[in-house]
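Enquirer: Handing you this structure, nothing more for now.
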Amino acid sequence: MSTTAAGPAAPGVVCAFAVTRTPPDPAALAAARGHEEGGPLRVLSAGDLCLVVQDVPAALFDAEALTERLNRPDDLERCARAHHRGVEAAAGRGPVVPLPMATLYRGDLTAARAVAARQPVLVTLLDRLRDRTEWAVKVHAAESPPEPATDTGAGAGTGTGSGAGGRAYLTRISARRRDRQGAHDRALAEAEAVDAELRRYAVAATRHRPQSERLTGRRAPQLLNVAYLVEDARRTAFAEALARLTADGRRPAVRVDASGPWIPYSFARWDEDPQAAPDQEVLA
């Protein structure tokens, strides 16, 4: 959440969605919905750039109220969807720099000044994102069948041959552990090979933190969570590479899921130098 305050309190606040050079089509903007509680989307001039914004009520979008709402999963999802709708509306006629969700300003002047102050970075980003889209790829280890019930080694300490039985039990446990580690190592190697293949078709890539099994709903761990920035001219080649990776069985130790093309959120960090983003690797 990003909140900027300046001057006396106003009846409402301005929620900003995205920056662009070319204003979106007025009819398309009028048909788009942002936050349900706010007014229509509109375009605010900020120097040579345009900012798509929406007037929203301060009672629902001040820091305290918004923090409370964003801590409720249903409200968080509604806010995220509203933000994405605003960004999509801004992207109708050219590249956009999406702003962080819930970027709020006290009035148009404050919003315009904030954008103007970052104009060099925003212009660089818009140039970099032109005719490029984001693809999201998640690589999981292949799910293995459940292991048989663990042998407790009961009786290992009593009766004739108890020492041999105990050693056999420990040998089985050690072998299972080695098998699990070997499978994990193979999956990691194949995941890295998938990433190396897809980077051949991308101009940049950034790794996000792998999601937990609680979020993915899978028993197998997520090994890679990567976003790729792809030239529109190479979109078909990238999609074909994805199809090969997911269909030909060359990587049996992993499962590859992909989605796209998307607006390049992962490569539109307007709060830092786009040429020096620490978690991004420029490939071309």
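Labels used: A, B, ... for chains in the order of the structure tokens, numbers from 1 for residues in each chain, and numbers from 1 for ligands as shown.
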For the interface of stretch 15-51 of chain A with stretch 60-81 of chain A (cut-off 10 Å, counting only C-alpha atoms), please tabulate each contacting residue of stretch 15-51 of chain A alongside its nearest pair of atoms and their separation in Å to one decimal, rows sorted by chain and increasing number, as JSON lines.
Expert:
{"residue": "A:Cys15", "atom": "CA", "partner": "A:Phe61", "partner_atom": "CA", "distance": 8.8}
{"residue": "A:Arg33", "atom": "CA", "partner": "A:Arg81", "partner_atom": "CA", "distance": 9.9}
{"residue": "A:Gly34", "atom": "CA", "partner": "A:Arg81", "partner_atom": "CA", "distance": 8.3}
{"residue": "A:His35", "atom": "CA", "partner": "A:Cys79", "partner_atom": "CA", "distance": 6.9}
{"residue": "A:Glu36", "atom": "CA", "partner": "A:Arg78", "partner_atom": "CA", "distance": 9.0}
{"residue": "A:Glu37", "atom": "CA", "partner": "A:Leu60", "partner_atom": "CA", "distance": 8.3}
{"residue": "A:Gly38", "atom": "CA", "partner": "A:Leu60", "partner_atom": "CA", "distance": 9.8}
Enquirer: Could you pull out the residues in stretch 46-177 of chain A that DSSP calls helix (DSSP H, G or I) from the backbone, as a ChimeraX atom specification?
Expert: /A:58-61,63-70,73-93,108-117,119-129,162-177
Enquirer: Between A:Arg42, A:Arg132, A:Arg167, A:Arg118, which has the minimum distance to A:Ala204 (counting only C-alpha atoms)?
Expert: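 Selected residue with least distance to A:Ala204: A:Arg132.
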Enquirer: For stretch 227-238 of chain A, find every residue with an atom within 8 Å (counting only C-alpha atoms), except residues of its own chain fewer than 5 positions away, and show them as JSON, numbers by chain.
Expert: {"A": [131, 132, 133, 134, 135, 136, 137, 198, 199, 201, 202, 203, 204, 205, 206, 207, 208, 264, 266, 267]}
Enquirer: Excluding same-chain residues fewer than 3 positions from A:Ser212, what lies within 8 Å of it counting only C-alpha atoms, as a list in words?
Expert: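 Final neighbour list, sorted by chain and number: Leu215, Thr216, Pro221 and Gln222 of chain A.
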Enquirer: Go through stretch 78-276 of chain A and collect every residue that DSSP, computed from the backbone, puts in strand (DSSP E or B); the answer should be as a PyMOL selection string.
Expert: chain A and resi 96-105+132-141+204-207+222-231+254-262
Enquirer: Taking 3 positions as the minimum chain separation for residues in the same chain, which residues sit within 9 Å of A:Asp48 when counting only C-alpha atoms? Answer as a ChimeraX atom specification.
Expert: /A:21,45,116,119
Enquirer: Store the residues picked out above in a file with N, CA, C and O atoms, as a CSV table (one decimal), in the first residue's frame.
Expert:
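After the write, again.csv holds the following:
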chain,number,residue,atom,x,y,z
A,21,ARG,N,1.8,7.0,-21.7
A,21,ARG,CA,2.0,8.2,-22.6
A,21,ARG,C,0.7,8.6,-23.3
A,21,ARG,O,0.5,9.8,-23.5
A,45,SER,N,-3.5,14.6,-16.4
A,45,SER,CA,-2.2,15.0,-17.1
A,45,SER,C,-1.2,15.2,-16.0
A,45,SER,O,-1.4,15.9,-15.0
A,116,ALA,N,5.3,13.5,-12.0
A,116,ALA,CA,6.3,14.4,-12.7
A,116,ALA,C,7.7,14.3,-12.0
A,116,ALA,O,8.7,14.3,-12.7
A,119,GLN,N,9.4,11.3,-13.6
A,119,GLN,CA,9.2,11.2,-15.1
A,119,GLN,C,10.3,10.5,-15.8
A,119,GLN,O,10.1,9.7,-16.7
Enquirer: If we count only C-alpha atoms and set the cut-off at 8 Å, which residues sit around A:Gly94, ignoring sequence neighbours fewer than 2 positions away in its own chain? Please answer as a PDB file with N, CA and C atoms, in the first residue's frame.
Expert:
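File selection08.pdb, as written:
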ATOM      1  N   THR A  20       0.787   6.187 -18.350  1.00  0.00           N
ATOM      2  CA  THR A  20       0.949   5.891 -19.762  1.00  0.00           C
ATOM      3  C   THR A  20       1.280   7.168 -20.506  1.00  0.00           C
ATOM      4  N   ARG A  21       1.759   7.010 -21.725  1.00  0.00           N
ATOM      5  CA  ARG A  21       2.004   8.190 -22.559  1.00  0.00           C
ATOM      6  C   ARG A  21       0.740   8.612 -23.306  1.00  0.00           C
ATOM      7  N   THR A  22      -0.035   7.621 -23.731  1.00  0.00           N
ATOM      8  CA  THR A  22      -1.202   7.881 -24.578  1.00  0.00           C
ATOM      9  C   THR A  22      -2.472   7.633 -23.792  1.00  0.00           C
ATOM     10  N   ALA A  91      -4.146   0.525 -20.327  1.00  0.00           N
ATOM     11  CA  ALA A  91      -3.258  -0.096 -21.317  1.00  0.00           C
ATOM     12  C   ALA A  91      -3.894  -0.235 -22.694  1.00  0.00           C
ATOM     13  N   GLY A  92      -4.996   0.431 -22.926  1.00  0.00           N
ATOM     14  CA  GLY A  92      -5.700   0.231 -24.180  1.00  0.00           C
ATOM     15  C   GLY A  92      -4.965   0.675 -25.420  1.00  0.00           C
ATOM     16  N   VAL A  96       2.032   0.589 -20.373  1.00  0.00           N
ATOM     17  CA  VAL A  96       1.716   1.263 -19.119  1.00  0.00           C
ATOM     18  C   VAL A  96       2.724   0.846 -18.052  1.00  0.00           C
ATOM     19  N   ARG A 130       7.490  -1.276 -24.097  1.00  0.00           N
ATOM     20  CA  ARG A 130       6.734  -1.186 -25.341  1.00  0.00           C
ATOM     21  C   ARG A 130       6.847  -2.491 -26.135  1.00  0.00           C
TER      22      ARG A 130
END
Enquirer: Between atom CA of A:Pro98 and atom CA of A:Val52, what distance in Å does the model show, to one decimal?
Expert: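 These atoms are spaced 9.9 Å apart.
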Enquirer: If we count only C-alpha atoms and set the cut-off at 10 Å, which residues sit around stretch 184-186 of chain A, ignoring sequence neighbours fewer than 5 positions away in its own chain? Please answer as a VMD selection string.
Expert: chain A and resid 141 to 142 178 to 179 191 to 192 221 223 251 to 254
Enquirer: Keeping all heavy atoms, export the residues of the selection given above as a PDB file, in the first residue's frame.
Expert:
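Resulting contents of part.pdb:
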ATOM      1  N   ALA A 141       7.884 -29.803  -8.470  1.00  0.00           N
ATOM      2  CA  ALA A 141       8.351 -31.182  -8.536  1.00  0.00           C
ATOM      3  C   ALA A 141       7.165 -32.075  -8.875  1.00  0.00           C
ATOM      4  O   ALA A 141       6.032 -31.802  -8.475  1.00  0.00           O
ATOM      5  CB  ALA A 141       8.963 -31.593  -7.204  1.00  0.00           C
ATOM      6  N   ALA A 142       7.414 -33.128  -9.653  1.00  0.00           N
ATOM      7  CA  ALA A 142       6.347 -34.085  -9.959  1.00  0.00           C
ATOM      8  C   ALA A 142       5.924 -34.780  -8.666  1.00  0.00           C
ATOM      9  O   ALA A 142       6.766 -35.129  -7.836  1.00  0.00           O
ATOM     10  CB  ALA A 142       6.831 -35.097 -10.985  1.00  0.00           C
ATOM     11  N   ARG A 178      17.844 -41.240   0.879  1.00  0.00           N
ATOM     12  CA  ARG A 178      18.664 -41.000  -0.307  1.00  0.00           C
ATOM     13  C   ARG A 178      17.805 -40.876  -1.565  1.00  0.00           C
ATOM     14  O   ARG A 178      18.061 -40.039  -2.434  1.00  0.00           O
ATOM     15  CB  ARG A 178      19.701 -42.109  -0.479  1.00  0.00           C
ATOM     16  CG  ARG A 178      20.835 -42.074   0.536  1.00  0.00           C
ATOM     17  CD  ARG A 178      21.996 -42.953   0.077  1.00  0.00           C
ATOM     18  NE  ARG A 178      21.569 -44.343  -0.150  1.00  0.00           N
ATOM     19  CZ  ARG A 178      21.554 -45.281   0.801  1.00  0.00           C
ATOM     20  NH1 ARG A 178      21.933 -44.966   2.040  1.00  0.00           N
ATOM     21  NH2 ARG A 178      21.167 -46.506   0.517  1.00  0.00           N
ATOM     22  N   ASP A 179      16.768 -41.734  -1.659  1.00  0.00           N
ATOM     23  CA  ASP A 179      15.873 -41.674  -2.822  1.00  0.00           C
ATOM     24  C   ASP A 179      15.153 -40.333  -2.889  1.00  0.00           C
ATOM     25  O   ASP A 179      15.020 -39.746  -3.966  1.00  0.00           O
ATOM     26  CB  ASP A 179      14.853 -42.811  -2.759  1.00  0.00           C
ATOM     27  CG  ASP A 179      15.477 -44.174  -3.036  1.00  0.00           C
ATOM     28  OD1 ASP A 179      16.623 -44.198  -3.541  1.00  0.00           O
ATOM     29  OD2 ASP A 179      14.828 -45.194  -2.726  1.00  0.00           O
ATOM     30  N   ALA A 191      14.199 -28.214 -13.319  1.00  0.00           N
ATOM     31  CA  ALA A 191      13.606 -26.885 -13.216  1.00  0.00           C
ATOM     32  C   ALA A 191      14.563 -25.824 -13.758  1.00  0.00           C
ATOM     33  O   ALA A 191      14.150 -24.908 -14.488  1.00  0.00           O
ATOM     34  CB  ALA A 191      13.238 -26.584 -11.762  1.00  0.00           C
ATOM     35  N   GLU A 192      15.834 -25.940 -13.414  1.00  0.00           N
ATOM     36  CA  GLU A 192      16.813 -24.984 -13.927  1.00  0.00           C
ATOM     37  C   GLU A 192      16.950 -25.102 -15.447  1.00  0.00           C
ATOM     38  O   GLU A 192      17.155 -24.101 -16.141  1.00  0.00           O
ATOM     39  CB  GLU A 192      18.170 -25.208 -13.253  1.00  0.00           C
ATOM     40  CG  GLU A 192      18.191 -24.883 -11.765  1.00  0.00           C
ATOM     41  CD  GLU A 192      17.986 -23.392 -11.479  1.00  0.00           C
ATOM     42  OE1 GLU A 192      18.179 -22.570 -12.403  1.00  0.00           O
ATOM     43  OE2 GLU A 192      17.623 -23.061 -10.339  1.00  0.00           O
ATOM     44  N   PRO A 221       6.526 -29.635  -3.803  1.00  0.00           N
ATOM     45  CA  PRO A 221       6.971 -28.242  -3.616  1.00  0.00           C
ATOM     46  C   PRO A 221       7.092 -27.496  -4.937  1.00  0.00           C
ATOM     47  O   PRO A 221       7.370 -28.084  -5.987  1.00  0.00           O
ATOM     48  CB  PRO A 221       8.339 -28.396  -2.953  1.00  0.00           C
ATOM     49  CG  PRO A 221       8.823 -29.737  -3.405  1.00  0.00           C
ATOM     50  CD  PRO A 221       7.597 -30.604  -3.506  1.00  0.00           C
ATOM     51  N   LEU A 223       9.291 -25.274  -7.110  1.00  0.00           N
ATOM     52  CA  LEU A 223      10.735 -25.081  -7.200  1.00  0.00           C
ATOM     53  C   LEU A 223      11.108 -23.736  -7.787  1.00  0.00           C
ATOM     54  O   LEU A 223      12.101 -23.138  -7.385  1.00  0.00           O
ATOM     55  CB  LEU A 223      11.346 -26.198  -8.050  1.00  0.00           C
ATOM     56  CG  LEU A 223      11.034 -27.619  -7.591  1.00  0.00           C
ATOM     57  CD1 LEU A 223      11.572 -28.624  -8.600  1.00  0.00           C
ATOM     58  CD2 LEU A 223      11.604 -27.875  -6.207  1.00  0.00           C
ATOM     59  N   ARG A 251      10.997 -33.725 -19.336  1.00  0.00           N
ATOM     60  CA  ARG A 251      11.325 -33.345 -17.960  1.00  0.00           C
ATOM     61  C   ARG A 251      10.381 -34.059 -16.998  1.00  0.00           C
ATOM     62  O   ARG A 251       9.501 -33.453 -16.391  1.00  0.00           O
ATOM     63  CB  ARG A 251      11.198 -31.827 -17.789  1.00  0.00           C
ATOM     64  CG  ARG A 251      11.981 -30.997 -18.813  1.00  0.00           C
ATOM     65  CD  ARG A 251      13.466 -31.160 -18.633  1.00  0.00           C
ATOM     66  NE  ARG A 251      14.214 -30.393 -19.646  1.00  0.00           N
ATOM     67  CZ  ARG A 251      15.515 -30.514 -19.837  1.00  0.00           C
ATOM     68  NH1 ARG A 251      16.208 -31.373 -19.108  1.00  0.00           N
ATOM     69  NH2 ARG A 251      16.129 -29.800 -20.758  1.00  0.00           N
ATOM     70  N   PRO A 252      10.528 -35.372 -16.839  1.00  0.00           N
ATOM     71  CA  PRO A 252       9.559 -36.126 -16.036  1.00  0.00           C
ATOM     72  C   PRO A 252       9.583 -35.793 -14.555  1.00  0.00           C
ATOM     73  O   PRO A 252       8.622 -36.106 -13.843  1.00  0.00           O
ATOM     74  CB  PRO A 252       9.965 -37.585 -16.281  1.00  0.00           C
ATOM     75  CG  PRO A 252      11.419 -37.519 -16.647  1.00  0.00           C
ATOM     76  CD  PRO A 252      11.580 -36.235 -17.413  1.00  0.00           C
ATOM     77  N   ALA A 253      10.644 -35.176 -14.058  1.00  0.00           N
ATOM     78  CA  ALA A 253      10.746 -34.904 -12.628  1.00  0.00           C
ATOM     79  C   ALA A 253      10.010 -33.631 -12.212  1.00  0.00           C
ATOM     80  O   ALA A 253       9.920 -33.341 -11.020  1.00  0.00           O
ATOM     81  CB  ALA A 253      12.212 -34.806 -12.207  1.00  0.00           C
ATOM     82  N   VAL A 254       9.499 -32.860 -13.184  1.00  0.00           N
ATOM     83  CA  VAL A 254       8.829 -31.598 -12.856  1.00  0.00           C
ATOM     84  C   VAL A 254       7.525 -31.466 -13.632  1.00  0.00           C
ATOM     85  O   VAL A 254       7.283 -32.159 -14.627  1.00  0.00           O
ATOM     86  CB  VAL A 254       9.727 -30.372 -13.165  1.00  0.00           C
ATOM     87  CG1 VAL A 254      10.987 -30.393 -12.300  1.00  0.00           C
ATOM     88  CG2 VAL A 254      10.080 -30.308 -14.650  1.00  0.00           C
TER      89      VAL A 254
END
